[in-house]
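*Asks:* Just so it is clear, I am handing over protein-v1.txt, which has compact mmCIF, N, CA and C atoms.
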# COMPACT_ATOMS: atom_id res chain seq x y z
N MET A 1 4.61 2.16 0.64
CA MET A 1 5.97 1.87 1.02
C MET A 1 6.19 2.28 2.46
N THR A 2 6.85 1.45 3.17
CA THR A 2 7.13 1.73 4.57
C THR A 2 8.61 1.53 4.80
N ALA A 3 9.22 2.44 5.50
CA ALA A 3 10.65 2.32 5.78
C ALA A 3 11.01 3.17 6.97
N ARG A 4 12.17 2.93 7.48
CA ARG A 4 12.70 3.78 8.54
C ARG A 4 13.52 4.87 7.88
N ARG A 5 13.46 6.07 8.44
CA ARG A 5 14.27 7.16 7.92
C ARG A 5 14.67 8.06 9.07
N GLY A 6 15.65 8.88 8.85
CA GLY A 6 16.05 9.87 9.84
C GLY A 6 16.56 9.23 11.11
N ALA A 7 16.02 9.68 12.26
CA ALA A 7 16.49 9.21 13.56
C ALA A 7 16.12 7.75 13.81
N ASP A 8 15.11 7.25 13.09
CA ASP A 8 14.70 5.87 13.28
C ASP A 8 15.70 4.88 12.69
N ARG A 9 16.57 5.33 11.79
CA ARG A 9 17.48 4.43 11.09
C ARG A 9 18.91 4.73 11.53
N PRO A 10 19.62 3.72 12.03
CA PRO A 10 21.02 3.97 12.41
C PRO A 10 21.85 4.22 11.16
N SER A 11 22.79 5.15 11.25
CA SER A 11 23.63 5.45 10.09
C SER A 11 24.72 4.39 9.96
N ALA A 12 25.05 4.10 8.71
CA ALA A 12 26.08 3.10 8.44
C ALA A 12 27.45 3.71 8.67
N PRO A 13 28.39 2.95 9.23
CA PRO A 13 29.73 3.50 9.43
C PRO A 13 30.41 3.75 8.09
N ARG A 14 31.14 4.85 7.99
CA ARG A 14 31.85 5.21 6.76
C ARG A 14 33.32 4.81 6.90
N HIS A 15 33.85 4.20 5.87
CA HIS A 15 35.25 3.80 5.86
C HIS A 15 35.95 4.58 4.76
N GLU A 16 37.22 4.89 4.97
CA GLU A 16 37.97 5.64 3.98
C GLU A 16 38.18 4.84 2.70
N ASP A 17 38.23 3.52 2.80
CA ASP A 17 38.44 2.72 1.61
C ASP A 17 37.12 2.34 0.92
N ASP A 18 36.01 2.95 1.35
CA ASP A 18 34.70 2.68 0.75
C ASP A 18 34.61 3.43 -0.58
N HIS A 19 34.50 2.69 -1.67
CA HIS A 19 34.39 3.30 -2.99
C HIS A 19 32.98 3.09 -3.52
N SER A 20 32.03 3.87 -2.98
CA SER A 20 30.63 3.70 -3.39
C SER A 20 30.41 4.13 -4.82
N GLU A 21 31.35 4.94 -5.40
CA GLU A 21 31.19 5.36 -6.79
C GLU A 21 31.36 4.19 -7.74
N THR A 22 32.13 3.18 -7.35
CA THR A 22 32.38 2.05 -8.24
C THR A 22 31.36 0.93 -8.05
N ALA A 23 30.46 1.06 -7.08
CA ALA A 23 29.45 0.03 -6.86
C ALA A 23 28.46 0.02 -8.02
N PRO A 24 27.93 -1.15 -8.38
CA PRO A 24 26.95 -1.19 -9.46
C PRO A 24 25.69 -0.43 -9.08
N GLU A 25 25.13 0.28 -10.05
CA GLU A 25 23.93 1.07 -9.77
C GLU A 25 22.71 0.18 -9.62
N SER A 26 21.88 0.55 -8.67
CA SER A 26 20.63 -0.17 -8.44
C SER A 26 19.60 0.31 -9.46
N SER A 27 18.77 -0.59 -9.95
CA SER A 27 17.72 -0.18 -10.87
C SER A 27 16.48 0.28 -10.12
N ASP A 28 16.49 0.17 -8.81
CA ASP A 28 15.36 0.59 -7.97
C ASP A 28 15.78 1.84 -7.22
N LYS A 29 15.17 2.98 -7.57
CA LYS A 29 15.54 4.26 -6.97
C LYS A 29 14.31 4.94 -6.40
N LEU A 30 14.55 5.83 -5.43
CA LEU A 30 13.46 6.55 -4.77
C LEU A 30 13.88 8.01 -4.60
N LEU A 31 12.98 8.93 -4.93
CA LEU A 31 13.22 10.36 -4.80
C LEU A 31 12.20 10.95 -3.85
N ILE A 32 12.66 11.63 -2.81
CA ILE A 32 11.76 12.31 -1.88
C ILE A 32 11.47 13.69 -2.46
N HIS A 33 10.18 14.01 -2.63
CA HIS A 33 9.84 15.32 -3.20
C HIS A 33 8.98 16.17 -2.28
N GLY A 34 8.75 15.73 -1.04
CA GLY A 34 8.00 16.54 -0.09
C GLY A 34 7.70 15.75 1.17
N PHE A 35 7.27 16.48 2.20
CA PHE A 35 6.95 15.86 3.48
C PHE A 35 5.53 16.23 3.88
N SER A 36 4.91 15.40 4.73
CA SER A 36 3.58 15.69 5.24
C SER A 36 3.68 16.85 6.23
N GLU A 37 2.53 17.41 6.59
CA GLU A 37 2.53 18.55 7.51
C GLU A 37 3.15 18.21 8.85
N GLY A 38 2.90 17.03 9.36
CA GLY A 38 3.47 16.63 10.64
C GLY A 38 4.93 16.17 10.54
N GLY A 39 5.41 15.95 9.33
CA GLY A 39 6.77 15.51 9.14
C GLY A 39 6.99 14.02 9.36
N ARG A 40 5.93 13.25 9.61
CA ARG A 40 6.07 11.81 9.87
C ARG A 40 6.09 10.99 8.58
N ALA A 41 5.73 11.59 7.45
CA ALA A 41 5.68 10.86 6.19
C ALA A 41 6.33 11.69 5.10
N ALA A 42 6.92 11.01 4.13
CA ALA A 42 7.54 11.68 2.99
C ALA A 42 6.83 11.25 1.71
N HIS A 43 6.57 12.19 0.84
CA HIS A 43 5.99 11.89 -0.47
C HIS A 43 7.14 11.55 -1.41
N VAL A 44 7.02 10.42 -2.10
CA VAL A 44 8.13 9.91 -2.89
C VAL A 44 7.69 9.51 -4.29
N ILE A 45 8.66 9.45 -5.18
CA ILE A 45 8.50 8.86 -6.51
C ILE A 45 9.53 7.74 -6.59
N ARG A 46 9.07 6.56 -6.97
CA ARG A 46 9.95 5.39 -7.02
C ARG A 46 10.03 4.89 -8.45
N ALA A 47 11.23 4.66 -8.92
CA ALA A 47 11.47 4.10 -10.25
C ALA A 47 11.98 2.68 -10.08
N ARG A 48 11.19 1.73 -10.58
CA ARG A 48 11.61 0.32 -10.52
C ARG A 48 10.98 -0.45 -11.66
N ARG A 49 11.73 -1.39 -12.16
CA ARG A 49 11.28 -2.25 -13.26
C ARG A 49 10.62 -1.45 -14.38
N ASP A 50 11.29 -0.42 -14.84
CA ASP A 50 10.80 0.42 -15.95
C ASP A 50 9.44 1.04 -15.68
N ARG A 51 9.12 1.32 -14.41
CA ARG A 51 7.86 1.98 -14.03
C ARG A 51 8.17 3.10 -13.06
N LEU A 52 7.31 4.12 -13.05
CA LEU A 52 7.36 5.17 -12.04
C LEU A 52 6.14 5.01 -11.15
N GLU A 53 6.34 5.08 -9.84
CA GLU A 53 5.25 4.93 -8.89
C GLU A 53 5.30 6.08 -7.89
N ALA A 54 4.17 6.66 -7.57
CA ALA A 54 4.08 7.67 -6.52
C ALA A 54 3.68 6.96 -5.24
N GLY A 55 4.22 7.40 -4.11
CA GLY A 55 3.89 6.74 -2.86
C GLY A 55 4.20 7.62 -1.66
N VAL A 56 4.00 7.04 -0.49
CA VAL A 56 4.26 7.71 0.78
C VAL A 56 5.19 6.82 1.58
N LEU A 57 6.22 7.41 2.15
CA LEU A 57 7.20 6.70 2.95
C LEU A 57 6.94 7.04 4.41
N ARG A 58 6.67 6.01 5.22
CA ARG A 58 6.37 6.20 6.65
C ARG A 58 7.28 5.32 7.48
N PRO A 59 7.59 5.74 8.71
CA PRO A 59 8.36 4.86 9.58
C PRO A 59 7.50 3.69 10.04
N ILE A 60 8.14 2.54 10.28
CA ILE A 60 7.38 1.41 10.79
C ILE A 60 7.14 1.62 12.28
N GLU A 61 6.01 1.12 12.77
CA GLU A 61 5.65 1.27 14.18
C GLU A 61 5.29 -0.10 14.74
N ASP A 62 5.74 -0.37 15.95
CA ASP A 62 5.43 -1.64 16.60
C ASP A 62 3.93 -1.81 16.76
N GLY A 63 3.42 -2.97 16.43
CA GLY A 63 2.02 -3.29 16.62
C GLY A 63 1.11 -2.83 15.51
N LYS A 64 1.62 -2.12 14.52
CA LYS A 64 0.78 -1.65 13.41
C LYS A 64 1.14 -2.44 12.15
N PRO A 65 0.14 -2.72 11.31
CA PRO A 65 0.43 -3.50 10.11
C PRO A 65 1.29 -2.72 9.12
N ILE A 66 2.04 -3.45 8.33
CA ILE A 66 2.86 -2.85 7.28
C ILE A 66 1.98 -2.71 6.05
N MET A 67 1.82 -1.50 5.59
CA MET A 67 1.00 -1.23 4.41
C MET A 67 1.95 -0.97 3.24
N GLY A 68 2.12 -1.93 2.37
CA GLY A 68 3.03 -1.76 1.25
C GLY A 68 4.32 -2.52 1.47
N ASP A 69 5.38 -2.02 0.87
CA ASP A 69 6.68 -2.70 0.93
C ASP A 69 7.52 -2.14 2.07
N LEU A 70 8.33 -3.00 2.66
CA LEU A 70 9.31 -2.59 3.67
C LEU A 70 10.64 -2.49 2.94
N VAL A 71 11.23 -1.29 2.96
CA VAL A 71 12.43 -1.05 2.18
C VAL A 71 13.55 -0.48 3.04
N GLN A 72 14.77 -0.69 2.58
CA GLN A 72 15.94 -0.07 3.19
C GLN A 72 16.51 0.90 2.16
N LEU A 73 16.77 2.13 2.59
CA LEU A 73 17.25 3.16 1.68
C LEU A 73 18.75 3.38 1.89
N LYS A 74 19.46 3.52 0.79
CA LYS A 74 20.89 3.84 0.83
C LYS A 74 21.07 5.18 0.14
N SER A 75 21.54 6.15 0.90
CA SER A 75 21.65 7.51 0.36
C SER A 75 22.76 7.61 -0.68
N ARG A 76 22.63 8.63 -1.53
CA ARG A 76 23.63 8.91 -2.56
C ARG A 76 24.31 10.22 -2.21
N PRO A 77 25.62 10.25 -2.15
CA PRO A 77 26.31 11.48 -1.72
C PRO A 77 26.11 12.65 -2.68
N GLU A 78 25.91 12.39 -3.96
CA GLU A 78 25.79 13.48 -4.92
C GLU A 78 24.42 14.17 -4.88
N PHE A 79 23.40 13.49 -4.31
CA PHE A 79 22.05 14.09 -4.24
C PHE A 79 21.35 13.51 -3.02
N PRO A 80 21.21 14.29 -1.94
CA PRO A 80 20.74 13.73 -0.66
C PRO A 80 19.29 13.27 -0.66
N LEU A 81 18.47 13.66 -1.63
CA LEU A 81 17.07 13.23 -1.65
C LEU A 81 16.83 12.04 -2.58
N LEU A 82 17.87 11.49 -3.18
CA LEU A 82 17.78 10.33 -4.06
C LEU A 82 18.42 9.13 -3.36
N PHE A 83 17.70 7.99 -3.36
CA PHE A 83 18.15 6.81 -2.63
C PHE A 83 18.11 5.59 -3.53
N ASP A 84 19.02 4.65 -3.29
CA ASP A 84 18.92 3.31 -3.85
C ASP A 84 18.06 2.51 -2.89
N VAL A 85 17.19 1.67 -3.44
CA VAL A 85 16.21 0.95 -2.63
C VAL A 85 16.52 -0.54 -2.62
N GLU A 86 16.47 -1.12 -1.43
CA GLU A 86 16.56 -2.57 -1.29
C GLU A 86 15.29 -3.03 -0.58
N GLU A 87 14.52 -3.88 -1.25
CA GLU A 87 13.28 -4.38 -0.65
C GLU A 87 13.60 -5.43 0.39
N LYS A 88 13.05 -5.25 1.60
CA LYS A 88 13.21 -6.23 2.67
C LYS A 88 11.99 -7.14 2.78
N TYR A 89 10.83 -6.59 2.45
CA TYR A 89 9.58 -7.36 2.51
C TYR A 89 8.62 -6.77 1.49
N THR A 90 8.00 -7.64 0.71
CA THR A 90 6.99 -7.21 -0.25
C THR A 90 5.65 -7.71 0.22
N ALA A 91 4.74 -6.80 0.47
CA ALA A 91 3.41 -7.17 0.94
C ALA A 91 2.63 -7.85 -0.18
N PRO A 92 1.85 -8.88 0.17
CA PRO A 92 1.04 -9.53 -0.87
C PRO A 92 -0.01 -8.55 -1.40
N ARG A 93 -0.20 -8.57 -2.68
CA ARG A 93 -1.18 -7.69 -3.33
C ARG A 93 -2.55 -8.36 -3.30
N ALA A 94 -3.56 -7.59 -3.00
CA ALA A 94 -4.93 -8.12 -2.98
C ALA A 94 -5.39 -8.33 -4.42
N SER A 95 -6.00 -9.47 -4.68
CA SER A 95 -6.51 -9.72 -6.02
C SER A 95 -7.89 -9.09 -6.15
N ARG A 96 -8.08 -8.38 -7.20
CA ARG A 96 -9.36 -7.73 -7.45
C ARG A 96 -9.95 -8.32 -8.73
N LYS A 97 -10.63 -9.43 -8.56
CA LYS A 97 -11.26 -10.06 -9.70
C LYS A 97 -12.67 -9.48 -9.84
N PRO A 98 -13.00 -8.99 -11.01
CA PRO A 98 -14.34 -8.43 -11.18
C PRO A 98 -15.40 -9.52 -11.06
N LYS A 99 -16.49 -9.19 -10.41
CA LYS A 99 -17.58 -10.13 -10.24
C LYS A 99 -18.74 -9.71 -11.13
N ALA A 100 -19.41 -10.69 -11.68
CA ALA A 100 -20.54 -10.41 -12.54
C ALA A 100 -21.79 -10.17 -11.69
N GLY A 101 -22.52 -9.13 -12.01
CA GLY A 101 -23.79 -8.85 -11.34
C GLY A 101 -23.64 -8.11 -10.04
N PRO A 102 -24.78 -7.76 -9.44
CA PRO A 102 -24.77 -7.01 -8.18
C PRO A 102 -24.39 -7.91 -7.00
N PRO A 103 -24.02 -7.32 -5.88
CA PRO A 103 -23.67 -8.14 -4.71
C PRO A 103 -24.91 -8.84 -4.16
N ARG A 104 -24.72 -9.97 -3.55
CA ARG A 104 -25.81 -10.73 -2.96
C ARG A 104 -26.05 -10.23 -1.55
N VAL A 105 -27.30 -9.85 -1.26
CA VAL A 105 -27.61 -9.27 0.05
C VAL A 105 -28.70 -10.05 0.77
N THR A 106 -28.80 -11.33 0.55
CA THR A 106 -29.86 -12.11 1.17
C THR A 106 -29.42 -12.66 2.51
N ASN A 107 -29.24 -11.77 3.47
CA ASN A 107 -28.93 -12.23 4.83
C ASN A 107 -30.24 -12.34 5.61
N GLU A 108 -30.17 -12.74 6.87
CA GLU A 108 -31.38 -12.96 7.68
C GLU A 108 -32.23 -11.70 7.81
N ALA A 109 -31.61 -10.54 8.03
CA ALA A 109 -32.36 -9.30 8.17
C ALA A 109 -33.11 -8.96 6.89
N PHE A 110 -32.49 -9.21 5.74
CA PHE A 110 -33.14 -8.96 4.47
C PHE A 110 -34.36 -9.86 4.32
N LEU A 111 -34.20 -11.14 4.64
CA LEU A 111 -35.32 -12.08 4.50
C LEU A 111 -36.47 -11.74 5.45
N ARG A 112 -36.15 -11.33 6.70
CA ARG A 112 -37.22 -10.93 7.63
C ARG A 112 -37.97 -9.71 7.09
N GLY A 113 -37.26 -8.77 6.52
CA GLY A 113 -37.91 -7.58 5.95
C GLY A 113 -38.77 -7.95 4.75
N TRP A 114 -38.29 -8.85 3.94
CA TRP A 114 -39.04 -9.29 2.76
C TRP A 114 -40.35 -9.94 3.19
N GLU A 115 -40.26 -10.82 4.21
CA GLU A 115 -41.46 -11.50 4.69
C GLU A 115 -42.42 -10.53 5.34
N ALA A 116 -41.91 -9.51 6.04
CA ALA A 116 -42.78 -8.53 6.68
C ALA A 116 -43.54 -7.71 5.64
N ILE A 117 -42.92 -7.41 4.53
CA ILE A 117 -43.57 -6.61 3.49
C ILE A 117 -44.44 -7.47 2.59
N TRP A 118 -43.94 -8.55 2.11
CA TRP A 118 -44.61 -9.34 1.09
C TRP A 118 -45.29 -10.59 1.64
N GLY A 119 -45.00 -10.97 2.85
CA GLY A 119 -45.58 -12.19 3.39
C GLY A 119 -44.85 -13.41 2.86
N ILE A 120 -45.20 -14.57 3.44
CA ILE A 120 -44.51 -15.78 3.01
C ILE A 120 -45.40 -16.67 2.16
N GLU A 121 -46.63 -16.23 1.94
CA GLU A 121 -47.54 -17.05 1.13
C GLU A 121 -47.23 -16.88 -0.34
N SER A 122 -47.41 -17.93 -1.08
CA SER A 122 -47.24 -17.83 -2.53
C SER A 122 -48.55 -17.33 -3.13
N PRO A 123 -48.50 -16.60 -4.21
CA PRO A 123 -49.72 -16.07 -4.80
C PRO A 123 -50.59 -17.20 -5.35
N SER A 124 -51.87 -17.02 -5.22
CA SER A 124 -52.80 -18.02 -5.76
C SER A 124 -53.44 -17.47 -7.03
N ASP A 125 -54.16 -18.34 -7.71
CA ASP A 125 -54.80 -17.93 -8.96
C ASP A 125 -56.00 -17.02 -8.71
N ASP A 126 -56.53 -16.99 -7.48
CA ASP A 126 -57.70 -16.18 -7.15
C ASP A 126 -57.34 -14.71 -6.93
N ASP A 127 -56.07 -14.43 -6.65
CA ASP A 127 -55.66 -13.04 -6.39
C ASP A 127 -55.68 -12.23 -7.67
N PRO A 128 -56.30 -11.05 -7.61
CA PRO A 128 -56.26 -10.19 -8.81
C PRO A 128 -54.85 -9.60 -8.97
N PRO A 129 -54.42 -9.40 -10.21
CA PRO A 129 -53.10 -8.81 -10.40
C PRO A 129 -53.08 -7.35 -9.97
N ASN A 130 -52.07 -6.94 -9.32
CA ASN A 130 -51.86 -5.57 -8.85
C ASN A 130 -53.13 -4.96 -8.34
Will you turn the file into structure tokens for me?
*Replies:*
Amino acid sequence: MTARRGADRPSAPRHEDDHSETAPESSDKLLIHGFSEGGRAAHVIRARRDRLEAGVLRPIEDGKPIMGDLVQLKSRPEFPLLFDVEEKYTAPRASRKPKAGPPRVTNEAFLRGWEAIWGIESPSDDDPPN
């Protein structure tokens, strides 16, 4: 998960007629439960779609790829470490289809090594076994 937090995120203006208590609750929530040693990342637990996920929340940086989801967090006044989550971008998930058998390693270097050890001649009937 990647998001802006703290000084990287502009705070939303507060209005006196804002009744956030009456807003419908989001089913996607995030809880910060610790920070990295450098303070640039937060360790989080995210509850969404009846699942709990552990993750790391990092600020986005220009020129660097987004690893995971890009989210916008909306703080809750009753608990400052609990946020409602709005997904802005969902990264495509890599498909991991299991492959049968070992990987194929017959590149040019492999073939040159094979020929250097075993030669390129086919065995004849005159050769004794082993």
*Asks:* Sorted by chain and rising residue number, list the residues of segment 18-62 of chain A at most 5 Å from segment 68-89 of chain A (counting all atoms listed in the file), each with its closest atom pair and distance in Å to one decimal, as a tab-separated table.
*Replies:*
residue	atom	partner	partner_atom	distance
A:Asp28	C	A:Val85	N	4.0
A:Lys29	CA	A:Phe83	C	4.5
A:Leu30	C	A:Phe83	N	4.0
A:Leu31	CA	A:Leu81	C	4.6
A:Ile32	N	A:Leu81	C	4.2
*Asks:* Restricting the calculation to only C-alpha atoms, which member of A:His33, A:Arg48, A:Arg40, A:Leu111 is positioned closest to Glu61 of chain A?
*Replies:*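 Checking each candidate against Glu61 of chain A, we get A:Arg40 as the closest.
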*Asks:* Go ahead and compute the interatomic distance for atom CA of His43 of chain A and atom CA of Ala94 of chain A, in Å to one decimal.
*Replies:* 22.9 Å
*Asks:* In Å to one decimal, how far is atom CA of Thr90 of chain A from atom N of Met67 of chain A?
*Replies:*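 So the two atoms, atom N of Met67 of chain A and atom CA of Thr90 of chain A, lie 9.7 Å apart.
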*Asks:* For atom CA of Ala47 of chain A and atom CA of Asp62 of chain A, quote the distance in Å rounded to one decimal.
*Replies:* 28.1 Å
*Asks:* Using only N, CA and C atoms, which of A:Ile66, A:Trp118, A:Ala109, A:Glu37 sits nearest Ala91 of chain A?
*Replies:*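 Checking each candidate against Ala91 of chain A, we get A:Ile66 as the closest.
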*Asks:* Check the smallest atom-to-atom distance from each of A:Pro65, A:Leu57, A:Ala100, A:Ile117 to Val44 of chain A using all atoms listed in the file, then report the winner.
*Replies:*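 Under the stated criterion, the closest residue is A:Leu57.
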